[in-house]
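K.L.:
Data file input_32.pdb (PDB, C-alpha atoms) is appended below.
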```
MODEL        1
ATOM      1  CA  MET R 263     -17.454  22.058  -1.718  1.00  0.00           C
ATOM      2  CA  ASN R 264     -14.603  24.413  -2.541  1.00  0.00           C
ATOM      3  CA  LEU R 265     -12.908  23.321  -5.756  1.00  0.00           C
ATOM      4  CA  TYR R 266      -9.639  24.928  -4.641  1.00  0.00           C
ATOM      5  CA  HIS R 267      -9.031  21.961  -2.324  1.00  0.00           C
ATOM      6  CA  LEU R 268      -9.793  19.478  -5.104  1.00  0.00           C
ATOM      7  CA  SER R 269      -7.549  21.130  -7.658  1.00  0.00           C
ATOM      8  CA  VAL R 270      -4.734  23.483  -6.663  1.00  0.00           C
ATOM      9  CA  PRO R 271      -2.892  21.275  -4.141  1.00  0.00           C
ATOM     10  CA  GLN R 272      -2.988  18.351  -6.573  1.00  0.00           C
ATOM     11  CA  LEU R 273      -1.887  20.482  -9.510  1.00  0.00           C
ATOM     12  CA  ILE R 274       1.037  21.796  -7.456  1.00  0.00           C
ATOM     13  CA  GLN R 275       2.011  18.287  -6.372  1.00  0.00           C
ATOM     14  CA  THR R 276       1.948  16.829  -9.880  1.00  0.00           C
ATOM     15  CA  VAL R 277       3.825  19.746 -11.447  1.00  0.00           C
ATOM     16  CA  GLY R 278       6.361  19.353  -8.640  1.00  0.00           C
ATOM     17  CA  GLN R 279       6.672  15.643  -9.380  1.00  0.00           C
ATOM     18  CA  ALA R 280       7.366  16.511 -13.026  1.00  0.00           C
ATOM     19  CA  LEU R 281      10.413  18.387 -11.760  1.00  0.00           C
ATOM     20  CA  THR R 282      11.665  15.188 -10.122  1.00  0.00           C
ATOM     21  CA  TRP R 283      11.242  13.374 -13.431  1.00  0.00           C
ATOM     22  CA  LEU R 284      13.526  15.972 -15.004  1.00  0.00           C
ATOM     23  CA  ASP R 285      16.087  15.385 -12.238  1.00  0.00           C
ATOM     24  CA  LYS R 286      16.068  11.688 -13.031  1.00  0.00           C
ATOM     25  CA  ALA R 287      16.334  12.372 -16.763  1.00  0.00           C
ATOM     26  CA  GLN R 288      19.377  14.554 -16.098  1.00  0.00           C
ATOM     27  CA  ALA R 289      20.938  11.817 -13.961  1.00  0.00           C
ATOM     28  CA  LEU R 290      20.435   9.253 -16.737  1.00  0.00           C
ATOM     29  CA  ALA R 291      21.963  11.588 -19.307  1.00  0.00           C
ATOM     30  CA  GLU R 292      25.003  12.149 -17.115  1.00  0.00           C
ATOM     31  CA  GLN R 293      25.388   8.422 -16.466  1.00  0.00           C
ATOM     32  CA  LYS R 294      25.006   7.475 -20.137  1.00  0.00           C
ATOM     33  CA  LYS R 295      26.865  10.570 -21.383  1.00  0.00           C
ATOM     34  CA  PHE R 296      24.253  12.055 -23.709  1.00  0.00           C
ATOM     35  CA  ASP R 297      22.706  15.491 -24.024  1.00  0.00           C
ATOM     36  CA  VAL R 298      19.548  15.378 -21.900  1.00  0.00           C
ATOM     37  CA  ASN R 299      17.885  17.858 -24.232  1.00  0.00           C
ATOM     38  CA  VAL R 300      17.572  15.223 -26.972  1.00  0.00           C
ATOM     39  CA  LEU R 301      14.777  13.728 -24.886  1.00  0.00           C
ATOM     40  CA  LEU R 302      12.622  16.814 -25.513  1.00  0.00           C
ATOM     41  CA  GLY R 303      11.980  15.738 -29.093  1.00  0.00           C
ATOM     42  CA  THR R 304      10.983  12.183 -28.229  1.00  0.00           C
ATOM     43  CA  ARG R 305       7.397  10.950 -28.348  1.00  0.00           C
ATOM     44  CA  LEU R 306       5.505   7.716 -27.838  1.00  0.00           C
ATOM     45  CA  ALA R 307       3.741   7.783 -31.185  1.00  0.00           C
ATOM     46  CA  PRO R 308       4.199   9.813 -34.369  1.00  0.00           C
ATOM     47  CA  ASP R 309       0.864  11.592 -33.895  1.00  0.00           C
ATOM     48  CA  GLN R 310       1.470  12.603 -30.268  1.00  0.00           C
ATOM     49  CA  TYR R 311       3.170  15.703 -28.943  1.00  0.00           C
ATOM     50  CA  PRO R 312       6.888  15.416 -28.210  1.00  0.00           C
ATOM     51  CA  LEU R 313       8.104  15.555 -24.619  1.00  0.00           C
ATOM     52  CA  VAL R 314       8.690  19.309 -24.646  1.00  0.00           C
ATOM     53  CA  ARG R 315       5.055  19.942 -25.588  1.00  0.00           C
ATOM     54  CA  GLN R 316       3.840  17.463 -22.963  1.00  0.00           C
ATOM     55  CA  PHE R 317       5.603  19.502 -20.274  1.00  0.00           C
ATOM     56  CA  GLN R 318       4.184  22.726 -21.717  1.00  0.00           C
ATOM     57  CA  ALA R 319       0.739  21.109 -21.592  1.00  0.00           C
ATOM     58  CA  ILE R 320       1.265  20.134 -17.940  1.00  0.00           C
ATOM     59  CA  SER R 321       2.038  23.772 -17.172  1.00  0.00           C
ATOM     60  CA  ASP R 322      -0.849  25.081 -19.267  1.00  0.00           C
ATOM     61  CA  GLY R 323      -3.282  22.556 -17.852  1.00  0.00           C
ATOM     62  CA  ALA R 324      -2.418  23.506 -14.288  1.00  0.00           C
ATOM     63  CA  LYS R 325      -2.619  27.253 -14.770  1.00  0.00           C
ATOM     64  CA  PHE R 326      -5.686  27.261 -17.060  1.00  0.00           C
ATOM     65  CA  THR R 327      -7.612  24.908 -14.771  1.00  0.00           C
ATOM     66  CA  ALA R 328      -6.933  27.004 -11.691  1.00  0.00           C
ATOM     67  CA  ALA R 329      -7.475  30.323 -13.461  1.00  0.00           C
ATOM     68  CA  ARG R 330     -10.813  29.323 -14.967  1.00  0.00           C
ATOM     69  CA  LEU R 331     -12.100  28.049 -11.638  1.00  0.00           C
ATOM     70  CA  ALA R 332     -10.858  31.125  -9.757  1.00  0.00           C
ATOM     71  CA  GLY R 333     -12.155  33.527 -12.402  1.00  0.00           C
ATOM     72  CA  VAL R 334      -8.730  35.114 -12.941  1.00  0.00           C
ATOM     73  CA  GLN R 335      -6.325  35.488 -15.843  1.00  0.00           C
ATOM     74  CA  PRO R 336      -3.467  32.987 -15.906  1.00  0.00           C
ATOM     75  CA  PRO R 337       0.077  34.070 -16.633  1.00  0.00           C
ATOM     76  CA  VAL R 338       1.108  33.824 -20.274  1.00  0.00           C
ATOM     77  CA  PHE R 339       4.101  31.615 -21.006  1.00  0.00           C
ATOM     78  CA  GLU R 340       5.380  31.439 -24.552  1.00  0.00           C
ATOM     79  CA  ASP R 341       5.854  27.893 -25.791  1.00  0.00           C
ATOM     80  CA  ASN R 342       9.487  28.473 -26.707  1.00  0.00           C
ATOM     81  CA  GLU R 343      11.370  26.168 -24.352  1.00  0.00           C
ATOM     82  CA  LYS R 344      14.281  24.365 -25.979  1.00  0.00           C
ATOM     83  CA  THR R 345      16.114  22.892 -22.980  1.00  0.00           C
ATOM     84  CA  ILE R 346      15.355  20.890 -19.872  1.00  0.00           C
ATOM     85  CA  GLU R 347      16.416  23.909 -17.807  1.00  0.00           C
ATOM     86  CA  GLU R 348      13.890  26.107 -19.615  1.00  0.00           C
ATOM     87  CA  ILE R 349      11.174  23.501 -18.979  1.00  0.00           C
ATOM     88  CA  ARG R 350      12.230  23.359 -15.328  1.00  0.00           C
ATOM     89  CA  ALA R 351      11.961  27.153 -15.086  1.00  0.00           C
ATOM     90  CA  ARG R 352       8.485  27.059 -16.634  1.00  0.00           C
ATOM     91  CA  LEU R 353       7.306  24.424 -14.170  1.00  0.00           C
ATOM     92  CA  ASP R 354       8.774  26.435 -11.282  1.00  0.00           C
ATOM     93  CA  LYS R 355       6.900  29.547 -12.491  1.00  0.00           C
ATOM     94  CA  THR R 356       3.715  27.509 -12.760  1.00  0.00           C
ATOM     95  CA  ILE R 357       4.001  26.311  -9.160  1.00  0.00           C
ATOM     96  CA  ALA R 358       4.847  29.809  -7.927  1.00  0.00           C
ATOM     97  CA  TRP R 359       1.742  31.229  -9.618  1.00  0.00           C
ATOM     98  CA  LEU R 360      -0.513  28.441  -8.326  1.00  0.00           C
ATOM     99  CA  LYS R 361       0.717  29.205  -4.797  1.00  0.00           C
ATOM    100  CA  THR R 362      -0.590  32.781  -5.115  1.00  0.00           C
ATOM    101  CA  LEU R 363      -4.170  31.543  -5.380  1.00  0.00           C
ATOM    102  CA  GLN R 364      -6.423  31.466  -2.337  1.00  0.00           C
ATOM    103  CA  ALA R 365      -9.379  29.204  -1.555  1.00  0.00           C
ATOM    104  CA  GLU R 366     -11.648  32.260  -1.351  1.00  0.00           C
ATOM    105  CA  GLN R 367     -11.140  32.880  -5.058  1.00  0.00           C
ATOM    106  CA  PHE R 368     -12.777  29.502  -5.764  1.00  0.00           C
ATOM    107  CA  GLU R 369     -15.944  30.095  -3.758  1.00  0.00           C
ATOM    108  CA  GLY R 370     -18.878  29.294  -6.020  1.00  0.00           C
ATOM    109  CA  ALA R 371     -16.601  27.851  -8.704  1.00  0.00           C
ATOM    110  CA  GLU R 372     -18.526  24.571  -8.763  1.00  0.00           C
ATOM    111  CA  ALA R 373     -21.510  26.400 -10.292  1.00  0.00           C
ATOM    112  CA  ARG R 374     -19.533  28.937 -12.347  1.00  0.00           C
ATOM    113  CA  THR R 375     -19.945  28.605 -16.107  1.00  0.00           C
ATOM    114  CA  ILE R 376     -16.639  27.771 -17.734  1.00  0.00           C
ATOM    115  CA  VAL R 377     -16.319  28.646 -21.412  1.00  0.00           C
ATOM    116  CA  LEU R 378     -13.585  26.966 -23.436  1.00  0.00           C
ATOM    117  CA  PRO R 379     -12.069  28.387 -26.623  1.00  0.00           C
ATOM    118  CA  PHE R 380     -12.508  25.139 -28.564  1.00  0.00           C
ATOM    119  CA  ALA R 381     -16.266  24.942 -27.825  1.00  0.00           C
ATOM    120  CA  PRO R 382     -17.739  28.295 -28.887  1.00  0.00           C
ATOM    121  CA  GLY R 383     -21.248  28.889 -27.617  1.00  0.00           C
ATOM    122  CA  LYS R 384     -20.950  26.065 -25.066  1.00  0.00           C
ATOM    123  CA  GLY R 385     -20.166  26.027 -21.368  1.00  0.00           C
ATOM    124  CA  LEU R 386     -19.544  23.644 -18.497  1.00  0.00           C
ATOM    125  CA  LYS R 387     -20.310  24.074 -14.810  1.00  0.00           C
ATOM    126  CA  GLY R 388     -17.109  24.398 -12.809  1.00  0.00           C
ATOM    127  CA  VAL R 389     -17.391  21.009 -11.145  1.00  0.00           C
ATOM    128  CA  ASP R 390     -17.974  19.269 -14.487  1.00  0.00           C
ATOM    129  CA  PHE R 391     -15.112  21.201 -16.055  1.00  0.00           C
ATOM    130  CA  LEU R 392     -12.780  20.088 -13.265  1.00  0.00           C
ATOM    131  CA  VAL R 393     -13.670  16.408 -12.936  1.00  0.00           C
ATOM    132  CA  LYS R 394     -14.707  15.548 -16.489  1.00  0.00           C
ATOM    133  CA  MET R 395     -12.331  17.626 -18.587  1.00  0.00           C
ATOM    134  CA  ALA R 396      -9.554  19.571 -16.842  1.00  0.00           C
ATOM    135  CA  LEU R 397      -8.136  16.939 -14.504  1.00  0.00           C
ATOM    136  CA  PRO R 398      -8.334  14.061 -17.028  1.00  0.00           C
ATOM    137  CA  ASN R 399      -6.602  16.257 -19.626  1.00  0.00           C
ATOM    138  CA  PHE R 400      -3.953  17.395 -17.128  1.00  0.00           C
ATOM    139  CA  TYR R 401      -3.217  13.805 -16.068  1.00  0.00           C
ATOM    140  CA  PHE R 402      -3.183  12.633 -19.687  1.00  0.00           C
ATOM    141  CA  HIS R 403      -0.261  14.960 -20.433  1.00  0.00           C
ATOM    142  CA  ALA R 404       1.473  14.185 -17.142  1.00  0.00           C
ATOM    143  CA  ALA R 405       1.190  10.431 -17.726  1.00  0.00           C
ATOM    144  CA  THR R 406       2.386  10.833 -21.305  1.00  0.00           C
ATOM    145  CA  ALA R 407       5.448  12.871 -20.271  1.00  0.00           C
ATOM    146  CA  TYR R 408       6.209  10.304 -17.577  1.00  0.00           C
ATOM    147  CA  SER R 409       5.780   7.452 -20.076  1.00  0.00           C
ATOM    148  CA  ILE R 410       8.050   9.081 -22.667  1.00  0.00           C
ATOM    149  CA  LEU R 411      10.775   9.408 -20.047  1.00  0.00           C
ATOM    150  CA  ARG R 412      10.313   5.862 -18.803  1.00  0.00           C
ATOM    151  CA  HIS R 413      10.276   4.530 -22.370  1.00  0.00           C
ATOM    152  CA  ASN R 414      13.632   6.243 -22.885  1.00  0.00           C
ATOM    153  CA  GLY R 415      15.198   4.581 -19.854  1.00  0.00           C
ATOM    154  CA  VAL R 416      14.635   7.200 -17.151  1.00  0.00           C
ATOM    155  CA  ASP R 417      14.277   5.412 -13.823  1.00  0.00           C
ATOM    156  CA  VAL R 418      10.853   6.660 -12.765  1.00  0.00           C
ATOM    157  CA  GLY R 419       8.215   4.606 -11.011  1.00  0.00           C
ATOM    158  CA  LYS R 420       4.727   5.000  -9.613  1.00  0.00           C
ATOM    159  CA  VAL R 421       5.969   6.786  -6.475  1.00  0.00           C
ATOM    160  CA  ASP R 422       7.693   9.329  -8.730  1.00  0.00           C
ATOM    161  CA  PHE R 423       4.347   9.995 -10.407  1.00  0.00           C
ATOM    162  CA  ILE R 424       2.200  10.157  -7.278  1.00  0.00           C
ATOM    163  CA  GLY R 425       4.652  11.835  -4.913  1.00  0.00           C
ATOM    164  CA  ASN R 426       4.549  12.012  -1.136  1.00  0.00           C
ATOM    165  CA  LEU R 427       1.321  11.113   0.588  1.00  0.00           C
ATOM    166  CA  PRO R 428       0.252  12.703   3.882  1.00  0.00           C
ATOM    167  CA  PHE R 429       0.243   9.480   5.894  1.00  0.00           C
ATOM    168  CA  PHE R 430      -0.425   9.613   9.618  1.00  0.00           C
ATOM    169  CA  ASP R 431      -0.383   7.053  12.417  1.00  0.00           C
ATOM    170  CA  VAL R 432      -3.674   5.303  13.123  1.00  0.00           C
TER     171      VAL R 432
ENDMDL
END
```
How does the structure come out when it is put into structure tokens?
P.N.:
Amino acid sequence: MNLYHLSVPQLIQTVGQALTWLDKAQALAEQKKFDVNVLLGTRLAPDQYPLVRQFQAISDGAKFTAARLAGVQPPVFEDNEKTIEEIRARLDKTIAWLKTLQAEQFEGAEARTIVLPFAPGKGLKGVDFLVKMALPNFYFHAATAYSILRHNGVDVGKVDFIGNLPFFDV
């Protein structure tokens, strides 16, 4: 089992879908004549991150997941985005970096010990890190960003979250 195939393509797809959510947010703002950037401060609940931080977490989740499994250093992005265009640029940079990774870098990742900064002295095997922590956390932030946009009237649906599927004739 090579964890590259279970992680990187899906991370790229979901980060790419987040870009389509931003397109739809921009379209709503133009239609309703409001500054799309006001959405960045919105949140579902007072104790949750605002939309801007949800998108930063999508980016961070994608690059940290892939980097830890590949045993490489992720790029550092400062969390200083203030506009939808800056968020879009960050997501584009995230996808571009993910596309530089190769399956060979993930060989043995399922058994690699992953150490996380919030759990000093503890580790997870790569496969457990991916399926029990990294992907659920990544999708939590993606679903929350999607939900904030939908709650604010952006016309996104399930297909916008999932994206294109590689159907074939049977």
K.L.:
Determine, counting all atoms listed in the file, which protein, DNA and RNA residues have an atom within 7 Å of an atom of range 358-375 of chain R; residues of the same chain fewer than 3 positions away are not included. Present the result as a PyMOL selection string.
P.N.:
chain R and resi 264-266+270+274+325+331-332+354-355+385-389
K.L.:
Could you write out the selected residues, including C-alpha atoms, as a compact mmCIF listing (two decimals), keeping the file's coordinate frame?
P.N.:
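Done, and the output landed in part_14.txt:
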```
# COMPACT_ATOMS: atom_id res chain seq x y z
CA ASN R 264 -14.60 24.41 -2.54
CA LEU R 265 -12.91 23.32 -5.76
CA TYR R 266 -9.64 24.93 -4.64
CA VAL R 270 -4.73 23.48 -6.66
CA ILE R 274 1.04 21.80 -7.46
CA LYS R 325 -2.62 27.25 -14.77
CA LEU R 331 -12.10 28.05 -11.64
CA ALA R 332 -10.86 31.12 -9.76
CA ASP R 354 8.77 26.44 -11.28
CA LYS R 355 6.90 29.55 -12.49
CA GLY R 385 -20.17 26.03 -21.37
CA LEU R 386 -19.54 23.64 -18.50
CA LYS R 387 -20.31 24.07 -14.81
CA GLY R 388 -17.11 24.40 -12.81
CA VAL R 389 -17.39 21.01 -11.14
```
K.L.:
Can you measure CA of Arg412 in chain R to CA of Ala328 in chain R for me? One decimal in Å is fine.
P.N.:
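These two atoms are separated by 28.2 Å.
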K.L.:
Would you translate the PyMOL selection byres ((chain R and resi 426-432) around 12) into the concrete set of residues it matches in this file, as a compact mmCIF listing (two decimals) with C-alpha atoms, in the frame of the given file?
P.N.:
```txt
# COMPACT_ATOMS: atom_id res chain seq x y z
CA PRO R 271 -2.89 21.28 -4.14
CA GLN R 272 -2.99 18.35 -6.57
CA GLN R 275 2.01 18.29 -6.37
CA THR R 276 1.95 16.83 -9.88
CA GLY R 278 6.36 19.35 -8.64
CA GLN R 279 6.67 15.64 -9.38
CA THR R 282 11.66 15.19 -10.12
CA LYS R 420 4.73 5.00 -9.61
CA VAL R 421 5.97 6.79 -6.48
CA ASP R 422 7.69 9.33 -8.73
CA PHE R 423 4.35 9.99 -10.41
CA ILE R 424 2.20 10.16 -7.28
CA GLY R 425 4.65 11.84 -4.91
```
K.L.:
Please determine, counting all atoms listed in the file, which residue among R:Gln293, R:Asp322, R:Trp283, R:Val416 has the shortest atom-to-atom distance to Leu397 in chain R.
P.N.:
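The answer is R:Asp322, which sits nearest to Leu397 in chain R.
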K.L.:
Skipping near chain neighbours, those fewer than 3 positions away, what residues fall within 12 Å of Ala396 in chain R using only C-alpha atoms, listed as number ranges by chain?
P.N.:
R: 268-270, 273, 319-320, 322-331, 376, 378, 386-393, 399-403
K.L.:
Please determine, counting all atoms listed in the file, which residue among R:Thr345, R:Gln335, R:Gln318, R:Thr356 has the shortest atom-to-atom distance to Leu301 in chain R.
P.N.:
R:Thr345
K.L.:
Name every residue that the PyMOL selection byres ((chain R and resi 342) around 12) selects in this structure, writing the answer as a tab-separated table (two decimals) with C-alpha atoms, keeping the file's coordinate frame with chains first and numbers rising.
P.N.:
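The resulting out.tsv:
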```
chain	number	residue	atom	x	y	z
R	314	VAL	CA	8.69	19.31	-24.65
R	315	ARG	CA	5.06	19.94	-25.59
R	317	PHE	CA	5.60	19.50	-20.27
R	318	GLN	CA	4.18	22.73	-21.72
R	338	VAL	CA	1.11	33.82	-20.27
R	339	PHE	CA	4.10	31.62	-21.01
R	340	GLU	CA	5.38	31.44	-24.55
R	341	ASP	CA	5.85	27.89	-25.79
R	343	GLU	CA	11.37	26.17	-24.35
R	344	LYS	CA	14.28	24.36	-25.98
R	345	THR	CA	16.11	22.89	-22.98
R	346	ILE	CA	15.36	20.89	-19.87
R	348	GLU	CA	13.89	26.11	-19.61
R	349	ILE	CA	11.17	23.50	-18.98
R	351	ALA	CA	11.96	27.15	-15.09
R	352	ARG	CA	8.48	27.06	-16.63
```
K.L.:
Smallest atom-to-atom distance to Gly303 in chain R: which of R:Ala280, R:Gln316, R:Gly419, R:Ala291, using only C-alpha atoms?
P.N.:
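When distances to Gly303 in chain R are compared using only C-alpha atoms, the smallest one comes from R:Gln316.
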K.L.:
Between R:His267, R:Arg305, R:Lys295, R:Lys384, single out the one closest to Ala407 in chain R, counting only C-alpha atoms.
P.N.:
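Answer, going by the shortest atom-to-atom distance: R:Arg305.
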K.L.:
In Å, rounded to a single decimal, give me how far CA of Ala404 in chain R is from CA of Val277 in chain R.
P.N.:
8.3 Å
K.L.:
So how many Å separate CA of Thr406 in chain R and CA of Ala307 in chain R, to one decimal?
P.N.:
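One can read the CA of Thr406 in chain R to CA of Ala307 in chain R distance as 10.4 Å.
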